[in-house]
>>> print(open('structure15.csv').read())   # CSV, C-alpha atoms and all ligand atoms
chain,number,residue,atom,x,y,z
P,10,MET,CA,124.4,25.4,149.2
P,11,GLU,CA,128.0,24.5,148.4
P,12,ALA,CA,129.0,28.1,149.3
P,13,LEU,CA,127.2,27.9,152.6
P,14,ARG,CA,128.9,24.6,153.4
P,15,GLU,CA,132.3,25.9,152.6
P,16,GLN,CA,131.6,28.9,154.9
P,17,ASN,CA,130.7,26.4,157.6
P,18,ARG,CA,134.0,24.6,157.0
P,19,ARG,CA,135.8,27.9,157.6
P,20,SER,CA,133.8,28.6,160.8
P,21,TRP,CA,134.6,25.1,162.2
P,22,ASN,CA,138.3,25.4,161.2
P,23,ALA,CA,138.4,28.7,163.2
P,24,VAL,CA,136.9,27.3,166.3
P,25,VAL,CA,138.5,23.8,166.7
P,26,PRO,CA,141.8,25.2,168.2
P,27,ALA,CA,139.8,27.0,170.9
P,28,HIS,CA,137.8,23.9,171.7
P,29,GLN,CA,140.9,21.8,171.9
P,30,SER,CA,142.6,24.3,174.2
P,31,HIS,CA,140.1,23.2,176.9
P,32,ARG,CA,141.0,19.5,176.5
P,33,PRO,CA,144.6,18.9,177.6
P,34,GLY,CA,144.3,15.4,178.8
P,35,GLN,CA,142.3,13.9,176.0
P,36,ALA,CA,144.8,11.3,174.7
P,37,ALA,CA,145.9,10.1,178.1
P,38,PHE,CA,142.2,9.8,179.2
P,39,LEU,CA,141.4,7.6,176.2
P,40,ARG,CA,144.6,5.6,176.5
P,41,ALA,CA,143.7,4.9,180.2
P,42,GLY,CA,140.3,3.5,179.2
P,43,GLY,CA,138.2,6.6,179.5
P,44,ARG,CA,135.3,7.1,177.1
P,45,SER,CA,133.6,10.3,176.0
P,46,VAL,CA,130.4,8.7,174.8
P,47,PHE,CA,127.3,8.5,176.9
P,48,PRO,CA,125.1,5.4,177.7
P,49,GLU,CA,122.2,6.9,175.6
P,50,GLU,CA,124.0,6.6,172.3
P,51,LEU,CA,125.6,3.3,173.2
P,52,ALA,CA,122.1,1.9,173.9
P,53,LEU,CA,120.8,3.0,170.5
P,54,LEU,CA,123.9,1.5,168.7
P,55,GLY,CA,123.8,-1.8,170.5
P,56,GLU,CA,126.7,-4.2,170.0
P,57,LEU,CA,129.9,-2.5,168.8
P,58,ALA,CA,132.5,-5.3,168.9
P,59,GLY,CA,133.4,-6.4,165.4
P,60,ARG,CA,131.0,-3.9,163.8
P,61,SER,CA,132.0,-1.4,161.1
P,62,LEU,CA,130.8,2.1,162.3
P,63,LEU,CA,130.6,5.2,160.2
P,64,HIS,CA,130.6,8.3,162.4
P,65,LEU,CA,129.2,11.2,160.4
P,66,LEU,CA,130.1,14.8,161.3
P,67,CYS,CA,132.5,13.4,163.8
P,68,ASN,CA,134.2,16.6,164.8
P,69,ALA,CA,137.7,16.1,166.4
P,70,GLY,CA,137.2,12.4,166.9
P,71,GLN,CA,136.9,11.8,170.7
P,72,ASP,CA,133.6,10.1,170.4
P,73,SER,CA,134.8,8.1,167.3
P,74,LEU,CA,137.8,6.9,169.2
P,75,SER,CA,135.6,6.0,172.1
P,76,PHE,CA,133.5,3.8,169.9
P,77,ALA,CA,136.7,2.3,168.4
P,78,ALA,CA,138.0,1.5,171.9
P,79,LEU,CA,134.8,-0.3,172.5
P,80,GLY,CA,135.5,-2.6,169.6
P,81,ALA,CA,134.0,-1.0,166.5
P,82,GLN,CA,136.0,-0.5,163.3
P,83,VAL,CA,135.4,3.2,162.9
P,84,THR,CA,135.5,5.6,160.0
P,85,GLY,CA,134.9,9.3,161.0
P,86,VAL,CA,133.9,11.9,158.4
P,87,ASP,CA,133.9,15.6,158.9
P,88,ILE,CA,134.1,18.7,156.7
P,89,SER,CA,136.6,20.5,158.9
P,90,ASP,CA,140.3,20.2,158.1
P,91,ALA,CA,141.2,21.3,161.6
P,92,ALA,CA,138.8,18.7,163.2
P,93,ILE,CA,140.1,15.8,161.1
P,94,GLU,CA,143.7,16.8,161.7
P,95,GLN,CA,143.0,16.8,165.4
P,96,ALA,CA,141.2,13.5,165.2
P,97,ARG,CA,144.1,11.8,163.4
P,98,ARG,CA,146.5,13.3,166.0
P,99,LEU,CA,144.3,12.0,168.9
P,100,SER,CA,144.2,8.6,167.3
P,101,ALA,CA,148.0,8.5,167.1
P,102,GLU,CA,148.5,9.8,170.6
P,103,SER,CA,145.9,7.6,172.2
P,104,GLY,CA,147.0,4.5,170.3
P,105,ILE,CA,143.4,3.8,169.2
P,106,ALA,CA,143.1,3.1,165.5
P,107,ALA,CA,140.4,4.7,163.4
P,108,GLU,CA,140.2,6.1,159.9
P,109,PHE,CA,139.3,9.8,159.5
P,110,VAL,CA,138.1,11.3,156.2
P,111,ARG,CA,137.8,15.0,155.6
P,112,ALA,CA,134.7,15.3,153.4
P,113,ASP,CA,131.4,17.0,153.1
P,114,VAL,CA,128.9,14.5,154.4
P,115,TYR,CA,126.8,14.6,151.2
P,116,ASP,CA,129.9,14.1,149.0
P,117,PHE,CA,130.9,11.1,151.1
P,118,LEU,CA,127.4,9.5,151.1
P,119,ALA,CA,127.1,10.0,147.4
P,120,ALA,CA,130.0,7.5,146.9
P,121,PRO,CA,130.7,5.6,150.1
P,122,PRO,CA,133.7,3.3,149.8
P,123,ARG,CA,131.9,0.4,151.5
P,124,SER,CA,128.8,-0.4,153.5
P,125,TYR,CA,128.6,-0.2,157.2
P,126,ASP,CA,126.9,-2.2,160.0
P,127,LEU,CA,126.3,1.0,162.0
P,128,ILE,CA,126.0,4.7,161.1
P,129,TYR,CA,126.0,7.3,163.9
P,130,CYS,CA,125.9,11.0,164.3
P,131,GLY,CA,124.9,13.3,167.1
P,132,TYR,CA,125.0,16.3,169.4
P,133,GLY,CA,124.8,19.0,166.9
P,134,ALA,CA,124.8,17.1,163.6
P,135,ILE,CA,121.3,17.5,162.1
P,136,CYS,CA,121.5,21.4,162.2
P,137,TRP,CA,124.2,21.3,159.5
P,138,LEU,CA,122.2,19.3,157.0
P,139,HIS,CA,120.5,21.4,154.3
P,140,ASP,CA,118.5,18.4,152.8
P,141,LEU,CA,117.3,15.8,155.3
P,142,GLU,CA,115.8,13.5,152.6
P,143,LEU,CA,119.1,13.3,150.6
P,144,PHE,CA,121.0,12.7,153.8
P,145,ALA,CA,118.6,9.9,154.9
P,146,ARG,CA,118.8,8.2,151.4
P,147,GLY,CA,122.6,8.4,151.6
P,148,VAL,CA,122.5,6.8,155.1
P,149,ALA,CA,120.1,4.0,153.9
P,150,ALA,CA,122.3,3.3,150.9
P,151,ALA,CA,125.5,3.1,152.9
P,152,LEU,CA,124.1,0.8,155.6
P,153,ALA,CA,124.6,-2.9,155.2
P,154,PRO,CA,121.5,-5.1,155.2
P,155,GLY,CA,120.4,-5.4,158.9
P,156,GLY,CA,122.4,-2.4,159.7
P,157,ARG,CA,121.4,0.4,162.1
P,158,PHE,CA,121.4,4.2,162.0
P,159,ALA,CA,121.6,5.9,165.5
P,160,LEU,CA,121.2,9.6,166.2
P,161,MET,CA,121.4,11.4,169.5
P,162,GLU,CA,120.4,15.1,169.2
P,163,PHE,CA,119.5,18.2,171.1
P,164,HIS,CA,115.8,18.4,171.0
P,165,PRO,CA,114.4,21.1,168.7
P,166,ALA,CA,111.7,21.9,171.2
P,167,SER,CA,114.4,23.2,173.5
P,168,ASN,CA,115.4,25.7,170.7
P,169,MET,CA,112.1,27.4,171.3
P,170,PHE,CA,113.5,28.9,174.6
P,171,ASP,CA,116.1,31.5,175.2
P,172,ALA,CA,119.0,31.0,177.6
P,173,ASN,CA,116.7,32.1,180.5
P,174,TRP,CA,114.1,29.5,179.7
P,175,ARG,CA,111.6,32.0,178.2
P,176,LEU,CA,109.5,30.9,175.2
P,177,ALA,CA,111.1,33.0,172.5
P,178,HIS,CA,111.1,31.2,169.1
P,179,SER,CA,108.9,29.1,166.9
P,180,TYR,CA,109.4,25.3,166.7
P,181,PRO,CA,112.2,24.6,164.2
P,182,ALA,CA,110.9,23.3,160.9
P,183,GLY,CA,111.4,23.0,157.2
P,184,GLY,CA,115.2,23.4,157.2
P,185,THR,CA,114.8,27.2,157.7
P,186,LEU,CA,118.2,28.9,157.3
P,187,LEU,CA,119.7,30.4,160.5
P,188,THR,CA,122.9,32.4,160.0
P,189,LEU,CA,125.0,33.0,163.2
P,190,ASP,CA,128.1,35.1,163.8
P,191,GLY,CA,130.1,31.9,164.0
P,192,VAL,CA,130.5,28.6,165.8
P,193,GLY,CA,131.1,29.5,169.4
P,194,ASP,CA,133.4,28.0,172.1
P,195,TYR,CA,130.7,25.7,173.5
P,196,VAL,CA,133.4,23.4,174.8
P,197,GLY,CA,134.8,26.2,177.0
P,198,ALA,CA,131.2,27.2,178.1
P,199,ALA,CA,130.5,23.5,179.1
P,200,GLY,CA,133.2,23.9,181.7
P,201,GLY,CA,134.2,20.2,181.6
P,202,GLY,CA,131.0,18.6,180.3
P,203,LEU,CA,132.6,18.1,176.9
P,204,SER,CA,136.2,17.4,178.1
P,205,PRO,CA,135.9,14.3,180.3
P,206,GLY,CA,139.7,13.9,180.3
P,207,GLY,CA,140.1,17.2,182.2
P,208,PHE,CA,139.3,20.8,181.6
P,209,ALA,CA,141.7,23.7,181.1
P,210,GLU,CA,140.7,27.4,181.0
P,211,GLY,CA,142.5,27.6,177.6
P,212,VAL,CA,141.4,30.2,175.1
P,213,ALA,CA,139.4,33.0,176.8
P,214,GLY,CA,136.8,35.2,175.1
P,215,PHE,CA,136.9,33.4,171.7
P,216,VAL,CA,135.2,35.3,168.9
P,217,ASN,CA,134.8,33.4,165.6
P,218,PRO,CA,135.5,35.7,162.7
P,219,GLU,CA,133.7,33.3,160.3
P,220,PRO,CA,129.9,33.2,160.2
P,221,CYS,CA,128.1,29.9,159.9
P,222,HIS,CA,124.8,28.7,158.4
P,223,LEU,CA,122.5,26.2,160.1
P,224,PHE,CA,119.3,24.6,159.1
P,225,ARG,CA,116.3,24.2,161.5
P,226,TRP,CA,114.5,20.9,161.5
P,227,GLY,CA,111.8,19.3,163.7
P,228,VAL,CA,111.9,15.8,165.1
P,229,GLY,CA,109.0,14.7,162.8
P,230,GLU,CA,110.9,15.8,159.8
P,231,VAL,CA,114.0,13.8,160.8
P,232,VAL,CA,112.0,10.7,161.5
P,233,SER,CA,109.9,11.0,158.3
P,234,ALA,CA,113.1,11.4,156.2
P,235,LEU,CA,114.5,8.2,157.6
P,236,ALA,CA,111.2,6.3,157.1
P,237,GLY,CA,111.0,7.8,153.6
P,238,ALA,CA,114.4,6.4,152.8
P,239,GLY,CA,113.1,2.9,153.6
P,240,LEU,CA,114.5,2.6,157.1
P,241,VAL,CA,112.4,1.0,159.9
P,242,LEU,CA,112.1,3.1,163.0
P,243,ARG,CA,112.8,1.0,166.1
P,244,ALA,CA,113.2,3.7,168.8
P,245,LEU,CA,112.4,7.4,169.3
P,246,ARG,CA,113.4,8.4,172.8
P,247,GLU,CA,113.2,11.8,174.5
P,248,PHE,CA,115.1,13.0,177.5
P,249,THR,CA,114.5,15.9,179.9
P,250,TYR,CA,118.2,16.3,180.6
P,251,VAL,CA,121.1,17.1,178.3
P,252,ASN,CA,124.5,15.4,178.1
P,253,GLY,CA,127.7,17.4,178.1
P,254,GLU,CA,126.6,20.9,177.1
P,255,ARG,CA,124.9,23.5,179.3
P,256,PRO,CA,122.7,25.4,176.8
P,257,PHE,CA,120.6,27.3,179.4
P,258,GLU,CA,121.2,29.4,182.5
P,259,ARG,CA,121.0,27.9,186.0
P,260,MET,CA,121.1,24.3,184.9
P,261,GLU,CA,121.3,21.7,187.7
P,262,PRO,CA,123.9,18.9,187.6
P,263,ALA,CA,122.2,15.5,187.1
P,264,GLY,CA,125.3,13.4,187.5
P,265,GLU,CA,127.7,11.9,184.9
P,266,ARG,CA,128.2,15.1,182.9
P,267,ARG,CA,124.4,15.6,182.5
P,268,TRP,CA,122.4,18.7,183.2
P,269,ARG,CA,118.7,19.3,183.8
P,270,GLN,CA,116.4,22.4,184.2
P,271,PRO,CA,116.2,24.3,187.5
P,272,ASP,CA,113.4,23.3,189.9
P,273,ASP,CA,111.2,26.3,189.0
P,274,VAL,CA,111.2,25.4,185.3
P,275,PRO,CA,108.8,22.7,184.0
P,276,ALA,CA,110.6,19.9,182.3
P,277,ILE,CA,110.9,20.0,178.5
P,278,PRO,CA,112.6,17.5,176.2
P,279,LEU,CA,116.3,18.6,175.9
P,280,MET,CA,117.6,15.6,173.8
P,281,TYR,CA,116.2,12.9,171.7
P,282,GLY,CA,117.5,9.7,170.2
P,283,VAL,CA,116.5,7.7,167.2
P,284,MET,CA,117.4,4.2,166.0
P,285,ALA,CA,116.3,3.0,162.6
P,286,GLU,CA,117.2,-0.2,160.8
P,287,LYS,CA,117.7,-1.3,157.2
P,288,LEU,CA,115.8,-4.5,156.6
P,289,GLY,CA,117.8,-7.6,155.7
P,290,SER,CA,120.0,-10.1,157.4
P,291,ARG,CA,123.4,-9.1,158.7
P,292,ASN,CA,126.3,-11.0,157.2
P,293,THR,CA,128.4,-12.4,160.1
V,1,LIG,C1,128.7,20.0,166.8
V,1,LIG,S1,129.8,19.1,165.9
V,1,LIG,C2,129.3,17.5,166.1
V,1,LIG,C3,129.7,17.1,167.5
V,1,LIG,C4,130.3,15.8,167.6
V,1,LIG,N1,129.3,14.8,167.7
V,1,LIG,C5,131.3,15.6,168.7
V,1,LIG,O1,131.4,14.6,169.2
V,1,LIG,O2,132.0,16.6,169.0
V,1,LIG,C6,129.3,19.3,164.2
V,1,LIG,C7,130.4,18.9,163.2
V,1,LIG,O3,129.8,18.9,161.9
V,1,LIG,C8,130.7,19.2,161.0
V,1,LIG,N2,130.1,19.5,159.7
V,1,LIG,C9,129.3,20.6,159.5
V,1,LIG,N3,128.8,20.6,158.2
V,1,LIG,C10,129.3,19.5,157.7
V,1,LIG,C11,129.1,18.9,156.4
V,1,LIG,N4,128.4,19.4,155.4
V,1,LIG,N5,129.8,17.7,156.1
V,1,LIG,C12,130.5,17.1,157.1
V,1,LIG,N6,130.7,17.6,158.3
V,1,LIG,C13,130.1,18.8,158.6
V,1,LIG,C14,131.5,20.3,161.6
V,1,LIG,O4,132.8,20.4,161.0
V,1,LIG,C15,131.6,19.8,163.1
V,1,LIG,O5,132.8,19.1,163.4
>>> encode(input="structure15.csv", output="structure tokens")
Amino acid sequence: MEALREQNRRSWNAVVPAHQSHRPGQAAFLRAGGRSVFPEELALLGELAGRSLLHLLCNAGQDSLSFAALGAQVTGVDISDAAIEQARRLSAESGIAAEFVRADVYDFLAAPPRSYDLIYCGYGAICWLHDLELFARGVAAALAPGGRFALMEFHPASNMFDANWRLAHSYPAGGTLLTLDGVGDYVGAAGGGLSPGGFAEGVAGFVNPEPCHLFRWGVGEVVSALAGAGLVLRALREFTYVNGERPFERMEPAGERRWRQPDDVPAIPLMYGVMAEKLGSRNT
């Protein structure tokens, strides 16, 4: 598993510059009060002001810094050197303070430096986890009593369809390994959905020379892992639109950087959100 994760680190290091090439105005956008995060994850997280927030698999930090600008004291963790370097640069350039740690999520959760009021991850996080139960136990241990874990994810049911909405794959389950040619330039493909500060054509025709390895999990497995780690499930929400990315052909704009299926395709869940709490009273 360590070799697979190191390979994923290389794949992410290779793609981050291509992603960033499409986001020229990111620092100015954040400095001017813009936020990249969506109402769905904010609703799951609840109050941010004065809370410590651990953002796992934080990528290049735009969401972490958006949470920080909303009042949270944020630590972002990601395995990619290039992503963490970019996150630190964005923090300096936007003037929004946050701590960024380059680490494998399992290594970080095995010895967290403190406990957190809030732990969040999302939008392509679960698929990088080879052991959901170990992850959930780590999250539960790193949460302060009364703390919350929030997750916003692409719905695995939508992974059953090909880009043209044809039923093509089995429901993801069991952490089945999926090896791809490499992490792609989904920021470029989103055409602005993932670059709210402004979109540039940037790198064209990016081909990642580094393959990557993903793990396929169903919603029930995610929720069961959290419950098995002792967290109390408070919300499981499903959405028939997707924020930011456009994973299918002919998607229709649904406003505010959201996309839904075309009218001739029956609605399927495209995202889901989970909120689970650690029992106990929060120290104020
Ligand atoms: C799709 S991105 C998450 C998107 C992110 N929510 C955002 O706002 O852009 C997935 C991230 O997971 C990170 N990652 C993959 N495997 C990891 C691991 N084992 N430990 C920590 N980070 C990991 C990658 O480097 C990448 O930045």
>>> residues_near_ligand(input="structure15.csv", ligand="ligand LIG 1 (chain V)", cutoff="8 Å", atoms="all atoms listed in the file", output="PyMOL selection string")
chain P and resi 14+17-18+21-22+65-73+86-89+92+111-116+130-134+137-138
>>> write_last_selection(input="structure15.csv", atoms="C-alpha atoms", output="CSV table (one decimal), in the coordinates of the input")
chain,number,residue,atom,x,y,z
P,14,ARG,CA,128.9,24.6,153.4
P,17,ASN,CA,130.7,26.4,157.6
P,18,ARG,CA,134.0,24.6,157.0
P,21,TRP,CA,134.6,25.1,162.2
P,22,ASN,CA,138.3,25.4,161.2
P,65,LEU,CA,129.2,11.2,160.4
P,66,LEU,CA,130.1,14.8,161.3
P,67,CYS,CA,132.5,13.4,163.8
P,68,ASN,CA,134.2,16.6,164.8
P,69,ALA,CA,137.7,16.1,166.4
P,70,GLY,CA,137.2,12.4,166.9
P,71,GLN,CA,136.9,11.8,170.7
P,72,ASP,CA,133.6,10.1,170.4
P,73,SER,CA,134.8,8.1,167.3
P,86,VAL,CA,133.9,11.9,158.4
P,87,ASP,CA,133.9,15.6,158.9
P,88,ILE,CA,134.1,18.7,156.7
P,89,SER,CA,136.6,20.5,158.9
P,92,ALA,CA,138.8,18.7,163.2
P,111,ARG,CA,137.8,15.0,155.6
P,112,ALA,CA,134.7,15.3,153.4
P,113,ASP,CA,131.4,17.0,153.1
P,114,VAL,CA,128.9,14.5,154.4
P,115,TYR,CA,126.8,14.6,151.2
P,116,ASP,CA,129.9,14.1,149.0
P,130,CYS,CA,125.9,11.0,164.3
P,131,GLY,CA,124.9,13.3,167.1
P,132,TYR,CA,125.0,16.3,169.4
P,133,GLY,CA,124.8,19.0,166.9
P,134,ALA,CA,124.8,17.1,163.6
P,137,TRP,CA,124.2,21.3,159.5
P,138,LEU,CA,122.2,19.3,157.0
>>> atom_distance(input="structure15.csv", atom1="atom CA of Leu13 of chain P", atom2="atom CA of Arg123 of chain P")
27.9 Å
>>> residues_around(input="structure15.csv", residues="Arg97 of chain P", least_positions_apart="3", cutoff="10 Å", atoms="all atoms listed in the file", output="PyMOL selection string")
chain P and resi 69-70+74+85+92-94+100-103+105-110
>>> write_last_selection(input="structure15.csv", atoms="C-alpha atoms", output="tab-separated table (two decimals), keeping the file's coordinate frame")
chain	number	residue	atom	x	y	z
P	69	ALA	CA	137.70	16.10	166.40
P	70	GLY	CA	137.20	12.40	166.90
P	74	LEU	CA	137.80	6.90	169.20
P	85	GLY	CA	134.90	9.30	161.00
P	92	ALA	CA	138.80	18.70	163.20
P	93	ILE	CA	140.10	15.80	161.10
P	94	GLU	CA	143.70	16.80	161.70
P	100	SER	CA	144.20	8.60	167.30
P	101	ALA	CA	148.00	8.50	167.10
P	102	GLU	CA	148.50	9.80	170.60
P	103	SER	CA	145.90	7.60	172.20
P	105	ILE	CA	143.40	3.80	169.20
P	106	ALA	CA	143.10	3.10	165.50
P	107	ALA	CA	140.40	4.70	163.40
P	108	GLU	CA	140.20	6.10	159.90
P	109	PHE	CA	139.30	9.80	159.50
P	110	VAL	CA	138.10	11.30	156.20
>>> residues_around(input="structure15.csv", residues="segment 229-246 of chain P", least_positions_apart="4", cutoff="9 Å", atoms="all atoms listed in the file", output="PyMOL selection string")
chain P and resi 53+135+141-150+157-158+182-183+280-288
>>> residues_around(input="structure15.csv", residues="Gly55 of chain P", least_positions_apart="6", cutoff="12 Å", atoms="all atoms listed in the file", output="list in words")
Pro48, Glu49, Leu62, Phe76, Leu79, Gly80, Ala81, Asp126, Leu127, Ile128, Tyr129, Gly156, Arg157, Phe158, Ala159, Met284, Ala285 and Glu286 of chain P
>>> residues_near_point(input="structure15.csv", point="(140.8, 34.0, 171.9)", cutoff="10 Å", atoms="only C-alpha atoms", output="number ranges by chain")
P: 24, 26-27, 194, 211-217
>>> closest_residue(input="structure15.csv", among="P:Asn173, P:Asn252, P:Gly59, P:Ser124", to="Pro154 of chain P", atoms="only C-alpha atoms")
P:Ser124
>>> closest_residue(input="structure15.csv", among="P:Arg19, P:Glu56, P:Ala199, P:Pro181", to="Glu219 of chain P", atoms="all atoms listed in the file")
P:Arg19
>>> residues_around(input="structure15.csv", residues="Arg175 of chain P", least_positions_apart="3", cutoff="12 Å", atoms="all atoms listed in the file", output="PyMOL selection string")
chain P and resi 167-172+178-179+257-258+274-275
>>> decode(input="structure15.csv", residues="segment 45-54 of chain P", atoms="all heavy atoms", output="CSV table (one decimal), in the first residue's frame")
chain,number,residue,atom,x,y,z
P,45,SER,N,-14.2,29.6,-2.2
P,45,SER,CA,-14.4,28.5,-3.1
P,45,SER,C,-15.3,27.4,-2.6
P,45,SER,O,-15.8,26.6,-3.4
P,45,SER,CB,-13.0,27.9,-3.4
P,45,SER,OG,-12.4,27.4,-2.3
P,46,VAL,N,-15.6,27.4,-1.3
P,46,VAL,CA,-16.4,26.4,-0.7
P,46,VAL,C,-17.9,26.6,-1.0
P,46,VAL,O,-18.3,27.7,-1.3
P,46,VAL,CB,-16.2,26.2,0.8
P,46,VAL,CG1,-14.8,25.6,1.0
P,46,VAL,CG2,-16.4,27.5,1.5
P,47,PHE,N,-18.7,25.5,-1.0
P,47,PHE,CA,-20.1,25.5,-1.3
P,47,PHE,C,-21.0,25.5,-0.1
P,47,PHE,O,-20.5,25.0,1.0
P,47,PHE,CB,-20.4,24.3,-2.2
P,47,PHE,CG,-19.8,24.4,-3.6
P,47,PHE,CD1,-18.6,24.0,-3.9
P,47,PHE,CD2,-20.6,25.0,-4.6
P,47,PHE,CE1,-18.1,24.1,-5.2
P,47,PHE,CE2,-20.1,25.1,-5.9
P,47,PHE,CZ,-18.8,24.7,-6.2
P,48,PRO,N,-22.2,26.0,-0.2
P,48,PRO,CA,-23.1,26.0,1.0
P,48,PRO,C,-23.3,24.6,1.5
P,48,PRO,O,-23.5,24.4,2.7
P,48,PRO,CB,-24.4,26.5,0.4
P,48,PRO,CG,-24.1,27.2,-0.8
P,48,PRO,CD,-22.8,26.6,-1.4
P,49,GLU,N,-23.2,23.5,0.7
P,49,GLU,CA,-23.5,22.1,1.2
P,49,GLU,C,-22.5,21.7,2.3
P,49,GLU,O,-22.9,21.2,3.3
P,49,GLU,CB,-23.5,21.1,0.0
P,49,GLU,CG,-24.7,21.3,-0.9
P,49,GLU,CD,-24.5,22.4,-1.9
P,49,GLU,OE1,-23.4,23.0,-2.0
P,49,GLU,OE2,-25.5,22.6,-2.7
P,50,GLU,N,-21.2,21.9,2.0
P,50,GLU,CA,-20.2,21.5,3.1
P,50,GLU,C,-20.3,22.5,4.3
P,50,GLU,O,-20.0,22.1,5.4
P,50,GLU,CB,-18.8,21.4,2.5
P,50,GLU,CG,-18.2,22.6,1.7
P,50,GLU,CD,-18.4,22.4,0.2
P,50,GLU,OE1,-19.4,21.7,-0.2
P,50,GLU,OE2,-17.7,23.0,-0.5
P,51,LEU,N,-20.6,23.8,4.0
P,51,LEU,CA,-20.7,24.7,5.1
P,51,LEU,C,-21.8,24.3,6.1
P,51,LEU,O,-21.7,24.4,7.3
P,51,LEU,CB,-20.9,26.1,4.6
P,51,LEU,CG,-19.6,26.7,3.9
P,51,LEU,CD1,-20.0,28.1,3.3
P,51,LEU,CD2,-18.4,26.8,4.8
P,52,ALA,N,-22.9,23.8,5.5
P,52,ALA,CA,-24.1,23.4,6.3
P,52,ALA,C,-23.7,22.2,7.1
P,52,ALA,O,-24.1,22.1,8.3
P,52,ALA,CB,-25.3,23.1,5.4
P,53,LEU,N,-22.9,21.3,6.6
P,53,LEU,CA,-22.6,20.1,7.4
P,53,LEU,C,-21.6,20.5,8.5
P,53,LEU,O,-21.7,19.9,9.6
P,53,LEU,CB,-21.9,19.1,6.4
P,53,LEU,CG,-22.8,18.4,5.4
P,53,LEU,CD1,-22.0,17.6,4.4
P,53,LEU,CD2,-23.8,17.5,6.1
P,54,LEU,N,-20.7,21.4,8.2
P,54,LEU,CA,-19.7,21.8,9.2
P,54,LEU,C,-20.3,22.6,10.3
P,54,LEU,O,-19.9,22.5,11.5
P,54,LEU,CB,-18.5,22.5,8.6
P,54,LEU,CG,-17.6,21.7,7.8
P,54,LEU,CD1,-16.7,22.5,6.8
P,54,LEU,CD2,-16.6,20.9,8.8
